[in-house]
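Below is the file structure11.tsv, which contains TSV, N, CA and C atoms.
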```
chain	number	residue	atom	x	y	z
A	1	MET	N	-10.77	-20.83	11.90
A	1	MET	CA	-9.92	-20.29	10.85
A	1	MET	C	-8.83	-19.44	11.49
A	2	LEU	N	-7.61	-19.55	10.98
A	2	LEU	CA	-6.48	-18.79	11.48
A	2	LEU	C	-5.96	-17.85	10.40
A	3	ILE	N	-5.82	-16.57	10.75
A	3	ILE	CA	-5.20	-15.59	9.88
A	3	ILE	C	-3.80	-15.36	10.43
A	4	ASP	N	-2.79	-15.87	9.71
A	4	ASP	CA	-1.41	-15.86	10.18
A	4	ASP	C	-0.65	-14.71	9.54
A	5	THR	N	-0.23	-13.73	10.34
A	5	THR	CA	0.44	-12.56	9.80
A	5	THR	C	1.76	-12.27	10.50
A	6	VAL	N	2.52	-11.40	9.88
A	6	VAL	CA	3.79	-10.93	10.42
A	6	VAL	C	3.72	-9.40	10.40
A	7	ALA	N	4.24	-8.74	11.45
A	7	ALA	CA	4.17	-7.28	11.52
A	7	ALA	C	5.51	-6.68	11.91
A	8	TRP	N	5.74	-5.48	11.39
A	8	TRP	CA	6.93	-4.70	11.72
A	8	TRP	C	6.58	-3.73	12.82
A	9	VAL	N	7.31	-3.79	13.90
A	9	VAL	CA	7.12	-2.87	15.02
A	9	VAL	C	8.19	-1.79	14.91
A	10	ARG	N	7.78	-0.63	14.46
A	10	ARG	CA	8.69	0.51	14.34
A	10	ARG	C	8.21	1.59	15.30
A	11	ILE	N	9.03	1.87	16.30
A	11	ILE	CA	8.67	2.88	17.30
A	11	ILE	C	9.66	4.03	17.22
A	12	GLU	N	9.12	5.23	17.16
A	12	GLU	CA	9.93	6.44	17.18
A	12	GLU	C	9.25	7.44	18.09
A	13	ASN	N	10.02	8.04	18.98
A	13	ASN	CA	9.50	9.04	19.91
A	13	ASN	C	8.28	8.55	20.67
A	14	GLY	N	8.29	7.28	21.07
A	14	GLY	CA	7.21	6.73	21.87
A	14	GLY	C	5.94	6.43	21.10
A	15	ARG	N	6.01	6.43	19.79
A	15	ARG	CA	4.84	6.15	18.95
A	15	ARG	C	5.17	5.01	17.99
A	16	ILE	N	4.16	4.20	17.68
A	16	ILE	CA	4.33	3.07	16.77
A	16	ILE	C	3.76	3.41	15.40
A	17	LEU	N	4.48	3.01	14.37
A	17	LEU	CA	4.04	3.23	13.00
A	17	LEU	C	2.90	2.29	12.67
A	18	CYS	N	1.82	2.84	12.14
A	18	CYS	CA	0.67	2.05	11.68
A	18	CYS	C	0.31	2.50	10.27
A	19	ALA	N	-0.33	1.62	9.53
A	19	ALA	CA	-0.72	1.92	8.16
A	19	ALA	C	-2.17	1.50	7.94
A	20	ARG	N	-2.85	2.27	7.10
A	20	ARG	CA	-4.24	1.94	6.74
A	20	ARG	C	-4.26	1.53	5.27
A	21	PRO	N	-4.59	0.26	5.01
A	21	PRO	CA	-4.66	-0.21	3.62
A	21	PRO	C	-5.77	0.52	2.84
A	22	ARG	N	-5.53	0.68	1.58
A	22	ARG	CA	-6.51	1.32	0.69
A	22	ARG	C	-7.83	0.54	0.76
A	23	GLY	N	-8.93	1.25	0.90
A	23	GLY	CA	-10.25	0.64	0.94
A	23	GLY	C	-10.67	0.14	2.31
A	24	LYS	N	-9.82	0.33	3.33
A	24	LYS	CA	-10.17	-0.10	4.69
A	24	LYS	C	-10.21	1.12	5.60
A	25	ASP	N	-10.89	0.97	6.73
A	25	ASP	CA	-10.98	2.10	7.64
A	25	ASP	C	-10.28	1.85	8.98
A	26	VAL	N	-9.40	0.85	9.00
A	26	VAL	CA	-8.69	0.51	10.22
A	26	VAL	C	-7.18	0.50	9.97
A	27	PHE	N	-6.43	0.89	11.00
A	27	PHE	CA	-4.97	0.90	10.93
A	27	PHE	C	-4.40	-0.36	11.56
A	28	TYR	N	-3.24	-0.78	11.06
A	28	TYR	CA	-2.51	-1.93	11.58
A	28	TYR	C	-1.03	-1.58	11.58
A	29	PRO	N	-0.22	-2.25	12.41
A	29	PRO	CA	1.23	-2.16	12.18
A	29	PRO	C	1.50	-2.77	10.80
A	30	PRO	N	2.42	-2.19	10.03
A	30	PRO	CA	2.65	-2.71	8.68
A	30	PRO	C	3.13	-4.16	8.68
A	31	GLY	N	2.74	-4.87	7.65
A	31	GLY	CA	3.10	-6.28	7.50
A	31	GLY	C	2.05	-6.99	6.68
A	32	GLY	N	1.96	-8.30	6.85
A	32	GLY	CA	0.96	-9.04	6.09
A	32	GLY	C	1.13	-10.53	6.18
A	33	LYS	N	0.47	-11.20	5.26
A	33	LYS	CA	0.44	-12.67	5.25
A	33	LYS	C	1.58	-13.23	4.40
A	34	ARG	N	2.06	-14.40	4.83
A	34	ARG	CA	3.14	-15.04	4.09
A	34	ARG	C	2.60	-15.62	2.77
A	35	GLU	N	3.52	-15.75	1.83
A	35	GLU	CA	3.21	-16.37	0.54
A	35	GLU	C	3.96	-17.70	0.47
A	36	GLY	N	3.25	-18.76	0.21
A	36	GLY	CA	3.87	-20.08	0.10
A	36	GLY	C	4.60	-20.48	1.36
A	37	ALA	N	5.86	-20.89	1.20
A	37	ALA	CA	6.65	-21.39	2.33
A	37	ALA	C	7.59	-20.32	2.90
A	38	GLU	N	7.24	-19.04	2.72
A	38	GLU	CA	8.07	-17.96	3.25
A	38	GLU	C	8.24	-18.09	4.77
A	39	SER	N	9.41	-17.72	5.24
A	39	SER	CA	9.65	-17.62	6.68
A	39	SER	C	9.06	-16.29	7.16
A	40	ASP	N	9.01	-16.12	8.48
A	40	ASP	CA	8.54	-14.84	9.02
A	40	ASP	C	9.39	-13.69	8.49
A	41	VAL	N	10.71	-13.85	8.52
A	41	VAL	CA	11.60	-12.77	8.09
A	41	VAL	C	11.43	-12.48	6.61
A	42	GLU	N	11.33	-13.50	5.77
A	42	GLU	CA	11.12	-13.29	4.34
A	42	GLU	C	9.81	-12.54	4.10
A	43	THR	N	8.77	-12.93	4.82
A	43	THR	CA	7.47	-12.26	4.69
A	43	THR	C	7.60	-10.80	5.11
A	44	LEU	N	8.25	-10.56	6.24
A	44	LEU	CA	8.41	-9.21	6.75
A	44	LEU	C	9.14	-8.32	5.75
A	45	LEU	N	10.27	-8.79	5.24
A	45	LEU	CA	11.05	-8.00	4.29
A	45	LEU	C	10.24	-7.67	3.04
A	46	ARG	N	9.54	-8.66	2.51
A	46	ARG	CA	8.74	-8.45	1.29
A	46	ARG	C	7.59	-7.49	1.54
A	47	GLU	N	6.84	-7.74	2.60
A	47	GLU	CA	5.65	-6.92	2.87
A	47	GLU	C	6.00	-5.45	3.13
A	48	ILE	N	7.07	-5.20	3.88
A	48	ILE	CA	7.42	-3.81	4.19
A	48	ILE	C	7.92	-3.09	2.94
A	49	LYS	N	8.65	-3.79	2.10
A	49	LYS	CA	9.07	-3.19	0.83
A	49	LYS	C	7.85	-2.86	-0.03
A	50	GLU	N	6.89	-3.80	-0.09
A	50	GLU	CA	5.68	-3.59	-0.89
A	50	GLU	C	4.82	-2.46	-0.34
A	51	GLU	N	4.68	-2.38	0.98
A	51	GLU	CA	3.75	-1.42	1.59
A	51	GLU	C	4.34	-0.03	1.79
A	52	LEU	N	5.62	0.03	2.19
A	52	LEU	CA	6.18	1.32	2.61
A	52	LEU	C	7.43	1.74	1.84
A	53	SER	N	7.80	0.95	0.82
A	53	SER	CA	8.89	1.30	-0.09
A	53	SER	C	10.24	1.47	0.59
A	54	VAL	N	10.47	0.76	1.70
A	54	VAL	CA	11.78	0.77	2.35
A	54	VAL	C	12.31	-0.65	2.44
A	55	LEU	N	13.63	-0.76	2.61
A	55	LEU	CA	14.27	-2.06	2.75
A	55	LEU	C	14.64	-2.26	4.21
A	56	LEU	N	14.14	-3.33	4.80
A	56	LEU	CA	14.53	-3.68	6.16
A	56	LEU	C	15.90	-4.36	6.10
A	57	ASP	N	16.72	-4.11	7.12
A	57	ASP	CA	18.03	-4.74	7.22
A	57	ASP	C	17.85	-6.09	7.91
A	58	PRO	N	17.98	-7.20	7.17
A	58	PRO	CA	17.73	-8.52	7.75
A	58	PRO	C	18.62	-8.82	8.96
A	59	GLY	N	19.81	-8.22	9.02
A	59	GLY	CA	20.71	-8.45	10.14
A	59	GLY	C	20.26	-7.81	11.44
A	60	THR	N	19.25	-6.91	11.36
A	60	THR	CA	18.78	-6.23	12.56
A	60	THR	C	17.40	-6.71	13.02
A	61	VAL	N	16.83	-7.68	12.30
A	61	VAL	CA	15.50	-8.17	12.67
A	61	VAL	C	15.55	-8.83	14.04
A	62	ALA	N	14.65	-8.40	14.92
A	62	ALA	CA	14.58	-8.96	16.28
A	62	ALA	C	13.12	-9.27	16.62
A	63	TYR	N	12.92	-10.44	17.16
A	63	TYR	CA	11.58	-10.91	17.53
A	63	TYR	C	11.06	-10.13	18.75
A	64	VAL	N	9.82	-9.68	18.67
A	64	VAL	CA	9.17	-8.96	19.76
A	64	VAL	C	8.22	-9.89	20.52
A	65	GLY	N	7.39	-10.63	19.77
A	65	GLY	CA	6.42	-11.52	20.38
A	65	GLY	C	5.37	-11.93	19.36
A	66	THR	N	4.57	-12.92	19.73
A	66	THR	CA	3.46	-13.37	18.89
A	66	THR	C	2.18	-13.19	19.68
A	67	TYR	N	1.18	-12.64	19.04
A	67	TYR	CA	-0.09	-12.32	19.69
A	67	TYR	C	-1.23	-12.99	18.93
A	68	GLU	N	-2.26	-13.40	19.66
A	68	GLU	CA	-3.44	-14.00	19.05
A	68	GLU	C	-4.69	-13.40	19.68
A	69	ALA	N	-5.69	-13.14	18.84
A	69	ALA	CA	-6.97	-12.61	19.32
A	69	ALA	C	-8.04	-12.90	18.28
A	70	GLY	N	-9.28	-12.85	18.74
A	70	GLY	CA	-10.40	-13.01	17.83
A	70	GLY	C	-10.51	-11.85	16.86
A	71	VAL	N	-11.20	-12.08	15.76
A	71	VAL	CA	-11.39	-11.07	14.73
A	71	VAL	C	-12.88	-10.76	14.64
A	72	PRO	N	-13.31	-9.64	15.24
A	72	PRO	CA	-14.75	-9.34	15.34
A	72	PRO	C	-15.51	-9.34	14.03
A	73	GLU	N	-14.88	-8.87	12.93
A	73	GLU	CA	-15.61	-8.76	11.66
A	73	GLU	C	-15.63	-10.05	10.85
A	74	ARG	N	-15.03	-11.11	11.38
A	74	ARG	CA	-14.99	-12.41	10.70
A	74	ARG	C	-15.90	-13.40	11.42
A	75	PRO	N	-16.14	-14.57	10.81
A	75	PRO	CA	-16.99	-15.57	11.46
A	75	PRO	C	-16.45	-15.96	12.84
A	76	ALA	N	-17.37	-16.36	13.72
A	76	ALA	CA	-17.00	-16.77	15.08
A	76	ALA	C	-15.90	-17.82	15.03
A	77	GLY	N	-14.94	-17.69	15.91
A	77	GLY	CA	-13.84	-18.65	15.96
A	77	GLY	C	-12.64	-18.26	15.12
A	78	THR	N	-12.75	-17.20	14.33
A	78	THR	CA	-11.61	-16.75	13.52
A	78	THR	C	-10.59	-16.09	14.45
A	79	ILE	N	-9.35	-16.52	14.33
A	79	ILE	CA	-8.26	-16.00	15.16
A	79	ILE	C	-7.21	-15.35	14.27
A	80	ALA	N	-6.74	-14.18	14.69
A	80	ALA	CA	-5.60	-13.54	14.04
A	80	ALA	C	-4.37	-13.82	14.88
A	81	ARG	N	-3.33	-14.32	14.23
A	81	ARG	CA	-2.03	-14.51	14.89
A	81	ARG	C	-1.05	-13.55	14.22
A	82	MET	N	-0.35	-12.77	15.03
A	82	MET	CA	0.57	-11.77	14.51
A	82	MET	C	1.93	-11.93	15.18
A	83	ALA	N	2.93	-12.36	14.39
A	83	ALA	CA	4.30	-12.46	14.86
A	83	ALA	C	4.96	-11.10	14.60
A	84	CYS	N	5.50	-10.49	15.63
A	84	CYS	CA	6.01	-9.12	15.54
A	84	CYS	C	7.53	-9.06	15.65
A	85	TYR	N	8.11	-8.19	14.83
A	85	TYR	CA	9.55	-8.02	14.77
A	85	TYR	C	9.91	-6.55	14.62
A	86	THR	N	11.04	-6.17	15.21
A	86	THR	CA	11.62	-4.87	14.94
A	86	THR	C	12.72	-5.06	13.91
A	87	ALA	N	13.11	-3.99	13.26
A	87	ALA	CA	14.23	-4.02	12.31
A	87	ALA	C	14.55	-2.59	11.91
A	88	GLU	N	15.81	-2.35	11.61
A	88	GLU	CA	16.22	-1.06	11.06
A	88	GLU	C	15.92	-1.07	9.56
A	89	TYR	N	15.81	0.14	8.99
A	89	TYR	CA	15.47	0.22	7.57
A	89	TYR	C	16.31	1.25	6.84
A	90	GLU	N	16.32	1.11	5.51
A	90	GLU	CA	16.97	2.06	4.62
A	90	GLU	C	15.91	2.62	3.69
A	91	GLY	N	16.00	3.92	3.42
A	91	GLY	CA	15.06	4.55	2.51
A	91	GLY	C	14.13	5.49	3.25
A	92	GLU	N	13.18	6.02	2.52
A	92	GLU	CA	12.21	6.95	3.08
A	92	GLU	C	10.84	6.27	3.14
A	93	LEU	N	10.23	6.29	4.31
A	93	LEU	CA	8.91	5.68	4.47
A	93	LEU	C	7.91	6.38	3.56
A	94	THR	N	7.43	5.64	2.57
A	94	THR	CA	6.49	6.19	1.60
A	94	THR	C	5.41	5.15	1.33
A	95	PRO	N	4.15	5.47	1.61
A	95	PRO	CA	3.08	4.50	1.36
A	95	PRO	C	3.01	4.12	-0.12
A	96	SER	N	2.87	2.82	-0.37
A	96	SER	CA	2.72	2.33	-1.74
A	96	SER	C	1.27	2.49	-2.18
A	97	SER	N	0.98	1.99	-3.36
A	97	SER	CA	-0.39	2.10	-3.89
A	97	SER	C	-1.40	1.31	-3.06
A	98	GLU	N	-0.94	0.31	-2.28
A	98	GLU	CA	-1.89	-0.47	-1.48
A	98	GLU	C	-2.13	0.14	-0.09
A	99	ILE	N	-1.39	1.18	0.26
A	99	ILE	CA	-1.54	1.84	1.56
A	99	ILE	C	-2.11	3.24	1.37
A	100	GLU	N	-3.23	3.50	2.02
A	100	GLU	CA	-3.89	4.81	1.91
A	100	GLU	C	-3.16	5.87	2.73
A	101	GLU	N	-2.75	5.50	3.96
A	101	GLU	CA	-2.03	6.46	4.79
A	101	GLU	C	-1.26	5.77	5.90
A	102	MET	N	-0.26	6.49	6.41
A	102	MET	CA	0.52	6.05	7.56
A	102	MET	C	0.24	7.01	8.71
A	103	ALA	N	0.41	6.51	9.94
A	103	ALA	CA	0.25	7.37	11.11
A	103	ALA	C	1.09	6.81	12.25
A	104	TRP	N	1.47	7.68	13.16
A	104	TRP	CA	2.23	7.28	14.34
A	104	TRP	C	1.27	7.30	15.51
A	105	PHE	N	1.04	6.14	16.12
A	105	PHE	CA	0.07	6.00	17.19
A	105	PHE	C	0.74	5.91	18.56
A	106	SER	N	0.10	6.52	19.54
A	106	SER	CA	0.49	6.35	20.93
A	106	SER	C	-0.47	5.35	21.57
A	107	TYR	N	-0.27	5.07	22.84
A	107	TYR	CA	-1.16	4.14	23.53
A	107	TYR	C	-2.60	4.68	23.56
A	108	ALA	N	-2.76	5.99	23.52
A	108	ALA	CA	-4.10	6.59	23.52
A	108	ALA	C	-4.90	6.17	22.28
A	109	ASP	N	-4.22	5.71	21.23
A	109	ASP	CA	-4.89	5.28	20.00
A	109	ASP	C	-5.21	3.80	20.00
A	110	ARG	N	-5.01	3.13	21.13
A	110	ARG	CA	-5.18	1.68	21.23
A	110	ARG	C	-6.52	1.20	20.70
A	111	ASP	N	-7.59	1.92	20.99
A	111	ASP	CA	-8.93	1.49	20.58
A	111	ASP	C	-9.16	1.63	19.07
A	112	SER	N	-8.22	2.24	18.37
A	112	SER	CA	-8.34	2.42	16.92
A	112	SER	C	-7.77	1.26	16.12
A	113	VAL	N	-7.20	0.27	16.82
A	113	VAL	CA	-6.60	-0.87	16.13
A	113	VAL	C	-7.32	-2.15	16.52
A	114	PRO	N	-7.21	-3.21	15.72
A	114	PRO	CA	-7.88	-4.48	16.02
A	114	PRO	C	-7.40	-5.12	17.33
A	115	PRO	N	-8.17	-6.05	17.87
A	115	PRO	CA	-7.83	-6.69	19.15
A	115	PRO	C	-6.43	-7.28	19.22
A	116	VAL	N	-5.95	-7.93	18.16
A	116	VAL	CA	-4.61	-8.52	18.22
A	116	VAL	C	-3.55	-7.43	18.36
A	117	ASP	N	-3.76	-6.29	17.72
A	117	ASP	CA	-2.82	-5.18	17.82
A	117	ASP	C	-2.89	-4.53	19.20
A	118	GLN	N	-4.07	-4.54	19.80
A	118	GLN	CA	-4.21	-3.98	21.14
A	118	GLN	C	-3.33	-4.73	22.15
A	119	LEU	N	-3.17	-6.03	21.96
A	119	LEU	CA	-2.29	-6.81	22.85
A	119	LEU	C	-0.84	-6.35	22.71
A	120	LEU	N	-0.41	-6.10	21.48
A	120	LEU	CA	0.92	-5.57	21.24
A	120	LEU	C	1.06	-4.20	21.91
A	121	PHE	N	0.09	-3.33	21.72
A	121	PHE	CA	0.12	-2.00	22.34
A	121	PHE	C	0.27	-2.13	23.86
A	122	ASP	N	-0.48	-3.07	24.47
A	122	ASP	CA	-0.40	-3.27	25.93
A	122	ASP	C	1.02	-3.63	26.36
A	123	ASP	N	1.65	-4.56	25.64
A	123	ASP	CA	3.01	-4.97	25.98
A	123	ASP	C	4.01	-3.84	25.78
A	124	LEU	N	3.86	-3.07	24.71
A	124	LEU	CA	4.78	-1.97	24.45
A	124	LEU	C	4.63	-0.88	25.51
A	125	LYS	N	3.41	-0.63	25.94
A	125	LYS	CA	3.16	0.35	27.01
A	125	LYS	C	3.77	-0.13	28.33
A	126	ALA	N	3.56	-1.40	28.66
A	126	ALA	CA	4.11	-1.96	29.90
A	126	ALA	C	5.63	-1.94	29.91
A	127	ALA	N	6.25	-2.07	28.74
A	127	ALA	CA	7.71	-2.05	28.63
A	127	ALA	C	8.27	-0.62	28.62
A	128	GLY	N	7.36	0.37	28.55
A	128	GLY	CA	7.80	1.76	28.52
A	128	GLY	C	8.19	2.24	27.15
A	129	ASP	N	7.87	1.47	26.11
A	129	ASP	CA	8.24	1.85	24.74
A	129	ASP	C	7.21	2.75	24.06
A	130	LEU	N	5.96	2.70	24.53
A	130	LEU	CA	4.87	3.42	23.88
A	130	LEU	C	4.32	4.47	24.84
A	131	LEU	N	4.21	5.69	24.35
A	131	LEU	CA	3.65	6.78	25.18
A	131	LEU	C	2.16	6.57	25.41
```
Now that the file is in, can you turn its structure into C-alpha cells?
Amino acid sequence: MLIDTVAWVRIENGRILCARPRGKDVFYPPGGKREGAESDVETLLREIKEELSVLLDPGTVAYVGTYEAGVPERPAGTIARMACYTAEYEGELTPSSEIEEMAWFSYADRDSVPPVDQLLFDDLKAAGDLL
C-alpha cells in the first residue's frame, strides 16, 4: 500500500514548521493527500490553506525532493511517499480546526517525526538549512 502525500517545507531561523493534527500525537510538515486528479501544487495549495489558513504563492513553489519510507503503525509493506516543496505565503499562520498545534523543529527533534520526515530532516541538515 502506498500513502502518497505532498508537504510544505517552511524553514525559518534554521527550524522547520511542523503541525500536529487533531487527535494524533505525532507532528508532520504541513500538507496532505491529493484529492482526485489534483497535481502536487494544487494539493499543496489546498492543504496549506485548509490546515494553516494561509495562501501559498503558486509562483514561488519550488521542488525540494521526494522521500519514501515504511510506516511503522501500518501493515507491513505500507510505504509513505512525500513530495516536498517550498513556497512563500500570505497571511498569518493559524492552525485550523483540523490542526491541534504548530511547532518549529530543529534537527534535534528528528526522532519526533515519522521515518519519511526523518529523511527530509537529514537532507535539510546536510544542506545546512536545519539547525
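The spacing separating atom N of Leu130 (chain A) from CA of Ile11 (chain A) amounts to 7.7 Å.
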Between A:Ser106, A:Val116, A:Gly31, A:Gly128, which has the minimum distance to Ala80 (chain A) (counting only N, CA and C atoms)?
A:Val116
Counting all atoms listed in the file, which residues have an atom no more than 8 Å from (-0.2, -2.7, 9.5) in the file's coordinates? Please list them as a compact mmCIF listing (two decimals) with N, CA and C atoms, in the frame of the given file.
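Output file point.txt is given in full below:
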```
# COMPACT_ATOMS: atom_id res chain seq x y z
N VAL A 6 2.52 -11.40 9.88
CA VAL A 6 3.79 -10.93 10.42
C VAL A 6 3.72 -9.40 10.40
N ALA A 7 4.24 -8.74 11.45
CA ALA A 7 4.17 -7.28 11.52
C ALA A 7 5.51 -6.68 11.91
N TRP A 8 5.74 -5.48 11.39
CA TRP A 8 6.93 -4.70 11.72
C TRP A 8 6.58 -3.73 12.82
N LEU A 17 4.48 3.01 14.37
CA LEU A 17 4.04 3.23 13.00
C LEU A 17 2.90 2.29 12.67
N CYS A 18 1.82 2.84 12.14
CA CYS A 18 0.67 2.05 11.68
C CYS A 18 0.31 2.50 10.27
N ALA A 19 -0.33 1.62 9.53
CA ALA A 19 -0.72 1.92 8.16
C ALA A 19 -2.17 1.50 7.94
N ARG A 20 -2.85 2.27 7.10
CA ARG A 20 -4.24 1.94 6.74
C ARG A 20 -4.26 1.53 5.27
N PRO A 21 -4.59 0.26 5.01
CA PRO A 21 -4.66 -0.21 3.62
C PRO A 21 -5.77 0.52 2.84
N VAL A 26 -9.40 0.85 9.00
CA VAL A 26 -8.69 0.51 10.22
C VAL A 26 -7.18 0.50 9.97
N PHE A 27 -6.43 0.89 11.00
CA PHE A 27 -4.97 0.90 10.93
C PHE A 27 -4.40 -0.36 11.56
N TYR A 28 -3.24 -0.78 11.06
CA TYR A 28 -2.51 -1.93 11.58
C TYR A 28 -1.03 -1.58 11.58
N PRO A 29 -0.22 -2.25 12.41
CA PRO A 29 1.23 -2.16 12.18
C PRO A 29 1.50 -2.77 10.80
N PRO A 30 2.42 -2.19 10.03
CA PRO A 30 2.65 -2.71 8.68
C PRO A 30 3.13 -4.16 8.68
N GLY A 31 2.74 -4.87 7.65
CA GLY A 31 3.10 -6.28 7.50
C GLY A 31 2.05 -6.99 6.68
N GLY A 32 1.96 -8.30 6.85
CA GLY A 32 0.96 -9.04 6.09
C GLY A 32 1.13 -10.53 6.18
```
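From CA of Arg74 (chain A) back to atom N of Pro115 (chain A), the distance works out to 11.8 Å.
Checking A:Asn13, A:Lys49, A:Pro58, A:Thr66 one by one against Arg81 (chain A), counting all atoms listed in the file, you find the shortest gap at A:Thr66.
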Please, what distance in Å, to one decimal, runs between CA of Leu56 (chain A) and atom N of Asp40 (chain A)?
13.8 Å
Region 1-10 of chain A, all listed atoms, 8 Å padding on each side: what axis-aligned box centre and edge lengths in Å to one decimal come out, as lines of an AutoDock Vina configuration file?
```
center_x = -1.0
center_y = -9.6
center_z = 12.4
size_x = 35.5
size_y = 38.4
size_z = 21.8
```
Could you check which residues have any atom within 8 Å of (2.8, 3.0, 26.2), counting only N, CA and C atoms with coordinates taken straight from the file, and then list them as a ChimeraX atom specification?
/A:14-15,106-108,121-131
Skipping near chain neighbours, those fewer than 5 positions away, what residues fall within 8 Å of Glu98 (chain A) using only N, CA and C atoms, listed as JSON, numbers by chain?
{"A": [20, 21, 22, 23, 50, 51, 52]}
Can you list every residue in region 8-48 of chain A that DSSP puts in strand (DSSP E), as a PyMOL selection string?
chain A and resi 8+11-12+15-21+31-33
Excluding Ala62 (chain A) and its own-chain neighbours fewer than 6 positions away, which residues fall within 5 Å of it when counting all atoms listed in the file? Please give them as a PyMOL selection string.
chain A and resi 85-87
Check the smallest atom-to-atom distance from each of A:Val61, A:Glu47, A:Lys24, A:Glu42 to Glu101 (chain A) using only C-alpha atoms, then report the winner.
A:Lys24
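Considering the residues A:Val71, A:Tyr63, A:Thr94, A:Ile79 and counting only C-alpha atoms, Val113 (chain A) has its shortest atom-to-atom contact with A:Val71.
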Counting all atoms listed in the file, which residue out of A:Asp57, A:Gly70, A:Asp25, A:Val41 sits closest to Ser112 (chain A)?
A:Asp25
